[in-house]
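Data file: model_21.cif. Format and content: mmCIF, C-alpha atoms.
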data_protein
loop_
_atom_site.label_atom_id
_atom_site.label_comp_id
_atom_site.auth_asym_id
_atom_site.auth_seq_id
_atom_site.Cartn_x
_atom_site.Cartn_y
_atom_site.Cartn_z
CA MET A 57 18.22 130.43 -64.19
CA THR A 58 18.07 126.64 -64.50
CA LYS A 59 15.92 124.43 -62.31
CA LYS A 60 19.05 123.00 -60.71
CA THR A 61 20.36 126.47 -59.83
CA GLY A 62 16.99 127.43 -58.32
CA ILE A 63 16.98 124.36 -56.10
CA LEU A 64 20.54 125.13 -54.96
CA LEU A 65 19.64 128.73 -54.08
CA THR A 66 16.59 127.54 -52.15
CA ILE A 67 18.73 125.11 -50.16
CA LEU A 68 21.14 127.93 -49.27
CA ILE A 69 18.60 130.68 -48.54
CA VAL A 70 16.00 128.78 -46.48
CA PRO A 71 18.34 128.06 -43.52
CA VAL A 72 19.34 131.74 -43.41
CA LEU A 73 15.72 132.86 -43.35
CA LEU A 74 14.91 130.29 -40.67
CA TYR A 75 17.83 131.54 -38.55
CA LEU A 76 16.74 135.17 -38.87
CA GLY A 77 13.16 134.24 -38.07
CA LEU A 78 14.07 132.25 -34.99
CA HIS A 79 16.55 134.87 -33.81
CA GLU A 80 14.31 137.87 -34.24
CA PHE A 81 10.89 136.40 -33.60
CA GLY A 82 11.80 133.47 -31.37
CA ASN A 83 14.13 135.01 -28.82
CA ASN A 84 13.59 138.73 -29.12
CA HIS A 85 9.88 139.18 -29.77
CA PHE A 86 9.12 140.69 -26.35
CA GLN A 87 8.32 144.39 -26.46
CA LEU A 88 7.15 146.97 -23.95
CA PRO A 89 6.59 150.64 -24.82
CA ARG A 90 8.44 153.55 -23.26
CA TYR A 91 6.43 156.59 -22.24
CA ILE A 92 6.92 160.39 -22.32
CA PRO A 93 9.19 161.28 -25.26
CA GLU A 94 11.40 164.30 -24.66
CA ILE A 95 10.58 167.47 -26.61
CA ASP A 96 13.20 169.87 -27.96
CA SER A 97 12.33 173.22 -26.36
CA THR A 98 13.69 175.19 -29.32
CA THR A 99 11.94 173.31 -32.14
CA GLY A 100 8.99 171.72 -30.35
CA GLU A 101 9.87 168.41 -31.99
CA ILE A 102 10.54 165.04 -30.38
CA LYS A 103 14.22 164.54 -29.63
CA MET A 104 16.04 161.79 -31.51
CA GLU A 105 19.39 160.09 -30.98
CA LYS A 106 21.53 157.62 -32.89
CA ARG A 107 20.68 154.04 -31.96
CA ILE A 108 23.59 151.96 -30.62
CA ASN A 109 23.97 148.65 -32.47
CA PRO A 110 20.58 148.68 -34.21
CA ARG A 111 19.10 145.37 -35.33
CA TRP A 112 18.68 144.70 -39.02
CA ASN A 113 14.99 145.70 -38.85
CA GLU A 114 15.53 148.93 -36.83
CA SER A 115 16.24 152.46 -38.02
CA ASP A 116 19.50 154.23 -37.17
CA MET A 117 17.68 156.86 -35.09
CA ASP A 118 15.63 156.32 -31.96
CA THR A 119 13.30 158.50 -29.84
CA VAL A 120 14.77 160.01 -26.66
CA PHE A 121 12.51 159.21 -23.71
CA PHE A 122 12.17 160.99 -20.38
CA ARG A 123 14.06 159.55 -17.39
CA ILE A 124 12.94 159.80 -13.75
CA PRO A 125 15.18 162.44 -12.10
CA ALA A 126 17.32 161.73 -9.03
CA PHE A 127 15.65 162.36 -5.68
CA GLU A 128 16.27 162.03 -1.95
CA LEU A 129 13.62 161.26 0.67
CA THR A 130 13.38 159.48 4.06
CA ASP A 131 12.30 155.86 4.53
CA GLN A 132 10.12 154.23 7.17
CA LYS A 133 13.16 153.58 9.36
CA GLY A 134 14.06 157.26 9.42
CA ASN A 135 17.07 156.67 7.17
CA PRO A 136 17.94 158.88 4.20
CA PHE A 137 16.76 157.31 0.96
CA SER A 138 18.61 158.12 -2.25
CA SER A 139 17.25 157.12 -5.65
CA LYS A 140 20.76 155.73 -6.29
CA VAL A 141 19.44 152.65 -4.49
CA LEU A 142 17.32 152.12 -7.61
CA ASP A 143 20.22 152.17 -10.07
CA ASN A 144 20.06 149.10 -12.32
CA GLN A 145 16.73 148.14 -10.73
CA ILE A 146 13.19 147.67 -12.00
CA TYR A 147 10.72 149.33 -9.65
CA VAL A 148 7.07 150.21 -9.18
CA ALA A 149 6.15 153.55 -7.60
CA SER A 150 2.86 154.63 -6.07
CA PHE A 151 1.52 157.57 -4.06
CA PHE A 152 -0.58 157.30 -0.90
CA PHE A 153 -1.00 158.62 2.65
CA THR A 154 -1.61 156.77 5.90
CA ARG A 155 -4.78 158.68 6.86
CA CYS A 156 -6.43 157.80 3.56
CA THR A 157 -9.51 155.60 3.97
CA THR A 158 -10.60 155.41 0.32
CA ILE A 159 -8.24 154.23 -2.43
CA CYS A 160 -4.95 153.95 -0.50
CA PRO A 161 -5.69 150.68 1.32
CA LYS A 162 -6.71 149.17 -2.01
CA ILE A 163 -3.53 150.40 -3.70
CA THR A 164 -1.32 149.17 -0.88
CA THR A 165 -3.02 145.76 -0.91
CA GLN A 166 -2.21 145.42 -4.62
CA VAL A 167 1.40 146.49 -4.06
CA SER A 168 1.55 143.79 -1.37
CA ARG A 169 0.60 141.30 -4.09
CA LEU A 170 3.55 142.53 -6.13
CA GLN A 171 5.83 141.96 -3.16
CA ASP A 172 4.57 138.39 -2.79
CA THR A 173 4.93 137.65 -6.50
CA PHE A 174 8.45 139.05 -6.86
CA SER A 175 9.78 138.36 -3.38
CA LYS A 176 12.80 136.46 -4.72
CA GLU A 177 13.63 138.97 -7.47
CA ASP A 178 16.40 141.11 -6.00
CA ASP A 179 16.35 143.60 -8.88
CA ILE A 180 12.68 144.52 -8.38
CA LYS A 181 11.83 147.18 -5.78
CA LEU A 182 8.61 148.86 -4.61
CA LEU A 183 8.09 152.50 -3.55
CA SER A 184 5.10 153.94 -1.69
CA ILE A 185 5.53 157.72 -1.43
CA SER A 186 3.43 159.76 1.00
CA VAL A 187 1.57 162.81 -0.29
CA ASP A 188 0.95 163.89 3.33
CA PRO A 189 4.58 164.16 4.51
CA HIS A 190 3.88 166.57 7.37
CA PHE A 191 1.70 163.96 9.09
CA ASP A 192 3.39 160.83 7.75
CA THR A 193 6.52 160.66 9.88
CA PRO A 194 8.84 157.65 9.56
CA GLU A 195 7.21 156.19 12.68
CA LYS A 196 3.74 156.34 11.11
CA LEU A 197 5.09 154.91 7.88
CA ALA A 198 6.72 152.06 9.80
CA ASP A 199 3.42 151.19 11.48
CA TYR A 200 1.64 151.29 8.12
CA ALA A 201 4.36 149.19 6.46
CA ASN A 202 4.06 146.57 9.20
CA ARG A 203 0.33 146.26 8.53
CA PHE A 204 1.21 145.01 5.05
CA ASP A 205 4.29 142.95 6.04
CA ALA A 206 6.58 145.14 3.94
CA LYS A 207 10.01 143.55 3.59
CA SER A 208 13.00 145.72 4.45
CA GLY A 209 15.11 146.50 1.38
CA LYS A 210 12.30 145.45 -0.94
CA TRP A 211 9.40 147.80 -0.24
CA TYR A 212 10.20 151.37 0.76
CA PHE A 213 7.65 153.72 2.34
CA LEU A 214 8.93 157.25 1.81
CA THR A 215 8.30 160.70 3.23
CA GLY A 216 10.14 164.00 3.03
CA ASP A 217 9.73 167.61 2.02
CA LYS A 218 6.46 168.44 0.30
CA LYS A 219 8.40 170.75 -2.03
CA THR A 220 10.28 167.68 -3.21
CA ILE A 221 7.46 165.14 -3.34
CA TYR A 222 4.84 167.15 -5.23
CA PRO A 223 7.06 168.18 -8.18
CA LEU A 224 8.44 164.64 -8.23
CA ALA A 225 4.93 163.24 -8.70
CA LEU A 226 3.85 165.82 -11.26
CA LYS A 227 7.00 166.30 -13.33
CA GLY A 228 8.90 163.12 -12.48
CA PHE A 229 6.40 160.28 -12.43
CA HIS A 230 3.82 162.22 -14.47
CA VAL A 231 0.80 161.56 -12.24
CA PRO A 232 -1.62 164.19 -10.87
CA LEU A 233 -1.30 165.41 -7.28
CA ALA A 234 -2.78 168.35 -5.36
CA ASP A 235 -3.38 169.58 -1.83
CA ALA A 236 -6.91 171.00 -1.93
CA SER A 237 -6.42 172.83 1.37
CA GLU A 238 -4.09 175.22 -0.43
CA TYR A 239 -7.10 176.44 -2.41
CA ASP A 240 -9.86 176.03 0.17
CA GLN A 241 -8.96 176.43 3.84
CA ALA A 242 -12.39 175.09 4.85
CA ILE A 243 -11.42 171.56 3.75
CA LYS A 244 -10.41 169.54 6.82
CA ASN A 245 -11.16 165.92 5.87
CA PRO A 246 -7.87 164.28 4.79
CA ASP A 247 -9.64 162.20 2.14
CA GLU A 248 -10.87 165.43 0.54
CA THR A 249 -7.59 167.27 1.07
CA PHE A 250 -5.09 165.12 -0.82
CA ILE A 251 -6.02 164.51 -4.44
CA HIS A 252 -3.63 161.92 -5.86
CA SER A 253 -3.50 159.28 -8.55
CA GLU A 254 -4.33 155.62 -8.05
CA ARG A 255 -1.76 154.74 -10.71
CA LEU A 256 1.16 152.38 -10.21
CA ILE A 257 4.14 153.39 -12.36
CA LEU A 258 6.57 150.83 -13.79
CA ILE A 259 10.15 152.11 -14.16
CA ASP A 260 12.91 150.21 -15.95
CA LYS A 261 16.64 150.00 -15.19
CA GLU A 262 17.33 153.04 -17.38
CA LYS A 263 14.75 155.06 -15.39
CA HIS A 264 12.27 155.14 -18.27
CA ILE A 265 8.54 154.88 -17.57
CA ARG A 266 7.27 151.62 -19.07
CA GLY A 267 3.64 151.64 -17.95
CA PHE A 268 0.81 153.11 -15.87
CA TYR A 269 -1.64 150.80 -14.09
CA ASN A 270 -4.77 151.23 -11.97
CA GLY A 271 -3.65 150.26 -8.48
CA THR A 272 -7.22 149.64 -7.32
CA ASP A 273 -7.97 147.17 -10.12
CA LYS A 274 -6.74 143.61 -9.58
CA LYS A 275 -6.91 142.78 -13.29
CA ASP A 276 -4.81 145.80 -14.20
CA VAL A 277 -2.27 144.86 -11.53
CA ASP A 278 -2.24 141.35 -13.02
CA ARG A 279 -1.29 143.05 -16.30
CA LEU A 280 1.48 144.91 -14.46
CA MET A 281 2.81 141.62 -13.12
CA MET A 282 2.89 140.17 -16.61
CA GLU A 283 4.64 143.23 -18.02
CA ILE A 284 7.27 143.13 -15.26
CA LYS A 285 7.99 139.56 -16.37
CA VAL A 286 8.16 140.74 -19.99
CA LEU A 287 10.63 143.46 -18.99
CA LYS A 288 12.74 140.87 -17.16
CA ARG A 289 12.76 138.69 -20.29
CA ILE A 290 13.84 141.67 -22.40
CA TYR A 291 16.82 142.26 -20.12
CA ASP A 292 17.66 138.55 -20.06
CA SER A 293 17.61 138.40 -23.87
CA GLU A 294 20.09 141.29 -24.07
CA LYS A 295 22.73 139.62 -21.89
#
How does the structure come out when it is put into structure tokens?
Amino acid sequence: MTKKTGILLTILIVPVLLYLGLHEFGNNHFQLPRYIPEIDSTTGEIKMEKRINPRWNESDMDTVFFRIPAFELTDQKGNPFSSKVLDNQIYVASFFFTRCTTICPKITTQVSRLQDTFSKEDDIKLLSISVDPHFDTPEKLADYANRFDAKSGKWYFLTGDKKTIYPLALKGFHVPLADASEYDQAIKNPDETFIHSERLILIDKEKHIRGFYNGTDKKDVDRLMMEIKVLKRIYDSEK
């Protein structure tokens, strides 16, 4: 290859490489992991599916990730709440109960920060689900929601059937939850009765779990705020 030919090839190739670099690493460099891959019950292996329109640097196959199942509860206004409300929405879920005097006020205070930060983002919702549904009636949830200036249609405080809520926490949102009184009838203190996670769970528009965060830790909630913004940028870049 002559020197002249080499110069010509360089002139042609460099713009292409620059375009690919700017396209892939300039506009689409935001990433956020998905959690809980689905396992094939017959083989014990992680499920895979064919990727739709893979990028040049992606494989044809992609991991299948767990999706939050549909559910129905009751909100703080006493209205039926269907998870269909969350279709095509980013949301953060947490578990609490109104009689809690330990971690719940801290968690709810941090969720209130999320509401303030994303108050103008219509596609971001907040869920606070009671683990003490027998006591936490819609009226009690409404009083609790008012303490934190929860905005209607933005921040939902939910109650319902314990047989729905507990499996939803354990098998849906993948956070620990237990009612200790089921194992020890001598336990009467609510703070000792309901053993639940302090985690905030970030769910994307496809109902995939995108992160777990300590709802009592301001710095970890700051990280959640940043990762919500990253998720928004990912969706914006795909339009």
Excluding same-chain residues fewer than 3 positions from Ile92 of chain A, what lies within 9 Å of it counting only C-alpha atoms, as a PDB file with C-alpha atoms, keeping the file's coordinate frame?
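Once written, part24.pdb looks like this:
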ATOM      1  CA  VAL A 120      14.770 160.010 -26.660  1.00  0.00           C
ATOM      2  CA  PHE A 121      12.510 159.210 -23.710  1.00  0.00           C
ATOM      3  CA  PHE A 122      12.170 160.990 -20.380  1.00  0.00           C
ATOM      4  CA  ARG A 123      14.060 159.550 -17.390  1.00  0.00           C
ATOM      5  CA  HIS A 230       3.820 162.220 -14.470  1.00  0.00           C
ATOM      6  CA  HIS A 264      12.270 155.140 -18.270  1.00  0.00           C
ATOM      7  CA  ILE A 265       8.540 154.880 -17.570  1.00  0.00           C
TER       8      ILE A 265
END
Any idea what the distance is between atom CA of Asp235 of chain A and atom CA of Lys218 of chain A?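 Here the two named atoms are 10.1 Å from each other.
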Selection near Thr193 of chain A, 9 Å with all atoms listed in the file, sequence-local residues under 2 positions removed, as a VMD selection string: chain A and resid 132 134 189 to 191 195 to 198 215 to 216
Would you kindly return, as a list in words, each protein, DNA or RNA residue with an atom no farther than 12 Å from any atom of Asp172 of chain A, considering all atoms listed in the file and excluding same-chain residues fewer than 2 positions away?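 Here the answer would be Thr165, Gln166, Val167, Ser168, Arg169, Leu170, Phe174, Ser175, Lys176, Glu177, Ile180, Lys181, Leu182, Phe204, Asp205, Ala206, Lys207, Lys210, Trp211 and Met281 of chain A.
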Using only C-alpha atoms, which of the listed residues (A:Thr220, A:Ser293, A:Thr272, A:Gln145) sits closest to Phe127 of chain A?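 When distances to Phe127 of chain A are compared using only C-alpha atoms, the smallest one comes from A:Thr220.
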Quick one: of A:Gln87, A:Asn135, A:Thr157, A:Thr99, who's nearest to Asp247 of chain A, counting all atoms listed in the file?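 So, comparing all the options, the nearest one is A:Thr157.
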Which one is closest to Ile146 of chain A: A:Lys263, A:Lys227, A:Lys244, A:Arg90? Count only C-alpha atoms. A:Lys263
Work out how far atom CA of Leu214 of chain A is from atom CA of Ser237 of chain A, in Å to one decimal.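 Distance between the two atoms: 21.9 Å.
Here atom CA of Asp143 of chain A is placed at a distance of 28.9 Å from atom CA of Lys275 of chain A.
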Rank A:Asp96, A:Asp260, A:Glu254, A:Lys288 by their smallest atom-to-atom distance to Asp276 of chain A, using all atoms listed in the file, and report the top residue only. A:Glu254
Neighbour residues at most 7 Å from (14.6, 162.9, 0.5) (all atoms listed in the file) as a PDB file with C-alpha atoms, in the frame of the given file:
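Generated output (part-v6.pdb):
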ATOM      1  CA  PHE A 127      15.650 162.360  -5.680  1.00  0.00           C
ATOM      2  CA  GLU A 128      16.270 162.030  -1.950  1.00  0.00           C
ATOM      3  CA  LEU A 129      13.620 161.260   0.670  1.00  0.00           C
ATOM      4  CA  THR A 130      13.380 159.480   4.060  1.00  0.00           C
ATOM      5  CA  PRO A 136      17.940 158.880   4.200  1.00  0.00           C
ATOM      6  CA  PHE A 137      16.760 157.310   0.960  1.00  0.00           C
ATOM      7  CA  SER A 138      18.610 158.120  -2.250  1.00  0.00           C
ATOM      8  CA  GLY A 216      10.140 164.000   3.030  1.00  0.00           C
ATOM      9  CA  ASP A 217       9.730 167.610   2.020  1.00  0.00           C
TER      10      ASP A 217
END
Counting all atoms listed in the file, which residue out of A:Glu101, A:Lys133, A:Ser115, A:Ser186 sits closest to His252 of chain A? A:Ser186
Using all atoms listed in the file, the shortest atom-to-atom distance to Asn270 of chain A among A:Ser150, A:Thr249, A:Ser184, A:Gln171 belongs to A:Ser150
Local residues around (-3.6, 154.1, -10.8), at most 9 Å away, using only C-alpha atoms, as a PyMOL selection string: chain A and resi 150+163+231+253-257+268-273
Could you give me, as a PyMOL selection string, the residues within 8 Å of Asn144 of chain A, counting all atoms listed in the file and dropping anything in the same chain fewer than 6 positions from it? chain A and resi 179+261-262
Can segment 236-254 of chain A be brought up to N, CA and C atoms and written out as a compact mmCIF listing (two decimals), in the frame of the given file?
# COMPACT_ATOMS: atom_id res chain seq x y z
N ALA A 236 -5.75 170.13 -1.76
CA ALA A 236 -6.91 171.00 -1.93
C ALA A 236 -7.00 172.08 -0.86
N SER A 237 -6.37 171.84 0.29
CA SER A 237 -6.42 172.83 1.37
C SER A 237 -5.66 174.11 1.01
N GLU A 238 -4.80 174.03 0.02
CA GLU A 238 -4.09 175.22 -0.43
C GLU A 238 -5.03 176.18 -1.17
N TYR A 239 -6.14 175.63 -1.66
CA TYR A 239 -7.10 176.44 -2.41
C TYR A 239 -8.37 176.73 -1.62
N ASP A 240 -8.65 175.87 -0.63
CA ASP A 240 -9.86 176.03 0.17
C ASP A 240 -9.54 175.66 1.62
N GLN A 241 -9.34 176.65 2.45
CA GLN A 241 -8.96 176.43 3.84
C GLN A 241 -10.05 175.74 4.65
N ALA A 242 -11.27 175.71 4.13
CA ALA A 242 -12.39 175.09 4.85
C ALA A 242 -12.32 173.56 4.80
N ILE A 243 -11.53 173.02 3.88
CA ILE A 243 -11.42 171.56 3.75
C ILE A 243 -10.57 171.02 4.90
N LYS A 244 -11.12 170.11 5.68
CA LYS A 244 -10.41 169.54 6.82
C LYS A 244 -10.27 168.01 6.73
N ASN A 245 -11.19 167.38 6.01
CA ASN A 245 -11.16 165.92 5.87
C ASN A 245 -9.96 165.51 5.02
N PRO A 246 -9.04 164.68 5.56
CA PRO A 246 -7.87 164.28 4.79
C PRO A 246 -8.20 163.64 3.44
N ASP A 247 -9.29 162.85 3.40
CA ASP A 247 -9.64 162.20 2.14
C ASP A 247 -10.07 163.20 1.07
N GLU A 248 -10.51 164.38 1.49
CA GLU A 248 -10.87 165.43 0.54
C GLU A 248 -9.70 166.38 0.29
N THR A 249 -8.71 166.34 1.17
CA THR A 249 -7.59 167.27 1.07
C THR A 249 -6.58 166.85 0.01
N PHE A 250 -6.18 165.58 0.05
CA PHE A 250 -5.09 165.12 -0.82
C PHE A 250 -5.67 164.40 -2.03
N ILE A 251 -5.51 165.05 -3.19
CA ILE A 251 -6.02 164.51 -4.44
C ILE A 251 -4.84 163.91 -5.19
N HIS A 252 -4.79 162.58 -5.24
CA HIS A 252 -3.63 161.92 -5.86
C HIS A 252 -4.09 160.78 -6.75
N SER A 253 -3.18 160.32 -7.57
CA SER A 253 -3.50 159.28 -8.55
C SER A 253 -3.50 157.90 -7.91
N GLU A 254 -4.32 157.02 -8.46
CA GLU A 254 -4.33 155.62 -8.05
C GLU A 254 -3.35 154.80 -8.87
